[in-house]
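S.K.: Here it is, the structure, as structure tokens.
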Amino acid sequence: MEDTEAGTTVREYRTEELAEAAGIPVRTLRFYRERKLLPPPRREGRIAWYDDHHLARLRTIAALLERGHTLGGIAELTAAFENGRDVGQLGELLGIGWSEETPVRLTPEALADYFEGEVTPENLAASLDLGYLATDGDEIVHVSRRLLDVSSALVREGIPLSAVLETGRRVREHADEMAVLFTELISTHLSEEALARLRPLAKSVVEAELTMAMDRLLASGAPAGAPSGAQDPSS
């Protein structure tokens with residue numbers, strides 16, 4: 001069956017048709033529905049009508065099962081996504097627009113590939129809370145291509161995603177403080193209108209200071225987390 005909505009054609013499937021399109025037995029489809037892995041179908045009398053969103057969800061379930069996720073884990077992930085923030089809330093959450101960072105659209109299975117074995121309900125909830133991830137229909141949106149690439153690279157090196165996310169939370173606190181410093185500097189001596197024009201200078205200062213701070217840390221041989229004035233016991 002095809003239904004017309006807002007000028008577009010929406011494909012709809014009976015239970016048997018959806019199961020055939022997804023390549024699964026009807027009993028498996030019903031089991032998934034009982035486990036609440038699928039949104040409820042549209043009812044027309046005694047007939048249940050499914051659409052392409054249900055088909056996409058079934059294909060996602062199949063892909064996640066192939067990657068070693070259990071049905072219980074997939075159910076938890078599904079609940080986390082459905083209770084997560086949508087794209088429209090990201091700007092409000094972060095207090096920013098999309099002018100600097102490039103968002104990335106991902107399927108759940110693509111996200112699982114980026115962070116193999118690390119996409120747990122706990123990590124997903126932390127990412128949603130930070131605003132790194134949002135949902136948009138059947139897709140996931142990551143707020144920043146740069147953050148996605150860096151965090152997945154750190155995980156591939158062997159750092160747990162939970163530790164990467166916690167570090168991201170702490171970095172944001174310091175970044176907020178630095179943003180206040182530069183905003184006060186520029187608005188006090190120039191004007192608020194100059195903020196957008198001079199923002200690249202602020203980023204250059206932060207990058208240079210971070211680079212030199214890491215150089216000093218490596219040169220001193222001080223362990224990570226040691227106070228800046230710590231002395232080497234052998235000196």
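Scheme for the structure tokens: letters A, B, ... for chains in order shown; per-chain residue numbers from 1; ligand numbers from 1 in order shown.
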Among the residues of region 29-89 of chain A, find those DSSP assigns to alpha helix (DSSP H) from the backbone and print them as a count of residues only.
M.R.: 33
S.K.: Would you kindly return, as number ranges by chain, each protein, DNA or RNA residue with an atom no farther than 12 Å from any atom of Arg33 (chain A), considering only C-alpha atoms and excluding same-chain residues fewer than 2 positions away?
M.R.: A: 15, 19, 26-31, 35-41, 48, 50, 54, 57-58, 75
S.K.: The selected residues should be written to file as a PDB file, in the first residue's frame (atoms: C-alpha atoms).
M.R.:
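That gives us out.pdb:
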ATOM      1  CA  THR A  15       3.116  -7.730   8.363  1.00  0.00           C
ATOM      2  CA  ALA A  19       8.971  -9.445   7.025  1.00  0.00           C
ATOM      3  CA  VAL A  26       6.963 -13.226  10.408  1.00  0.00           C
ATOM      4  CA  ARG A  27       7.374 -14.755  13.886  1.00  0.00           C
ATOM      5  CA  THR A  28      10.660 -12.859  14.307  1.00  0.00           C
ATOM      6  CA  LEU A  29       8.950  -9.600  13.329  1.00  0.00           C
ATOM      7  CA  ARG A  30       6.233 -10.227  15.900  1.00  0.00           C
ATOM      8  CA  PHE A  31       8.843 -11.082  18.524  1.00  0.00           C
ATOM      9  CA  ARG A  35      10.102  -6.689  22.754  1.00  0.00           C
ATOM     10  CA  LYS A  36       9.311  -3.073  21.749  1.00  0.00           C
ATOM     11  CA  LEU A  37      12.227  -3.008  19.302  1.00  0.00           C
ATOM     12  CA  LEU A  38       9.822  -1.581  16.714  1.00  0.00           C
ATOM     13  CA  PRO A  39       7.481   1.403  16.993  1.00  0.00           C
ATOM     14  CA  PRO A  40       3.778   0.443  16.913  1.00  0.00           C
ATOM     15  CA  PRO A  41       2.296   0.070  13.421  1.00  0.00           C
ATOM     16  CA  ALA A  48      -1.348  -3.465  10.907  1.00  0.00           C
ATOM     17  CA  TYR A  50       4.192  -0.612   8.646  1.00  0.00           C
ATOM     18  CA  HIS A  54      10.025   0.146  10.421  1.00  0.00           C
ATOM     19  CA  ARG A  57      14.776  -0.248  12.073  1.00  0.00           C
ATOM     20  CA  LEU A  58      14.693  -3.956  11.175  1.00  0.00           C
ATOM     21  CA  ALA A  75      16.517  -2.695  23.160  1.00  0.00           C
TER      22      ALA A  75
END
S.K.: For Pro121 (chain A), which of A:Thr211, A:Ser220, A:Thr78, A:Thr60 is the closest residue, counting only C-alpha atoms?
M.R.: A:Thr78
S.K.: DSSP on the backbone, strand (DSSP E) only: what residues of region 95-140 of chain A does that give? Format it as a VMD selection string.
M.R.: chain A and resid 104 to 106 133 to 136 139 to 140
S.K.: Using only C-alpha atoms, find the one residue out of A:Ile159, A:Leu217, A:Ala208, A:Ala175 that sits nearest to Phe115 (chain A).
M.R.: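 Ranked by minimum distance to Phe115 (chain A), first place goes to A:Ile159.
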S.K.: Please determine, counting only C-alpha atoms, which residue among A:Thr183, A:Ala126, A:Gly68, A:Ser152 has the shortest atom-to-atom distance to Arg197 (chain A).
M.R.: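 Between A:Thr183, A:Ala126, A:Gly68, A:Ser152, the residue approaching Arg197 (chain A) most closely is A:Thr183.
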S.K.: Please identify all polymer residues within 12 Å of Leu77 (chain A), counting only C-alpha atoms, omitting same-chain residues fewer than 2 positions from it, and present them as a PyMOL selection string.
M.R.: chain A and resi 36-37+60-61+64+69-75+79-84+108-109+111-112+118-125+128
S.K.: Could you check how far CA of Glu173 (chain A) sits from CA of Thr135 (chain A), in Å to one decimal?
M.R.: 24.4 Å
S.K.: Would you please work out which residue, of A:Asp52, A:Leu190, A:Pro103, A:Glu44, is nearest to Arg146 (chain A) when using only C-alpha atoms?
M.R.: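 Of all the options, A:Pro103 lies closest to Arg146 (chain A).
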S.K.: Of the candidates A:Glu116, A:Glu193, A:Asp136, A:Glu20, which one gets nearest to Leu55 (chain A) if we count only C-alpha atoms?
M.R.: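 Under the stated criterion, the closest residue is A:Glu20.
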S.K.: Restricting the calculation to only C-alpha atoms: of A:Ala56, A:Asp215, A:Ala22, A:Glu12, which residue gets closest to Arg42 (chain A)?
M.R.: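 Once distances to Arg42 (chain A) are computed over only C-alpha atoms, the minimum belongs to A:Glu12.
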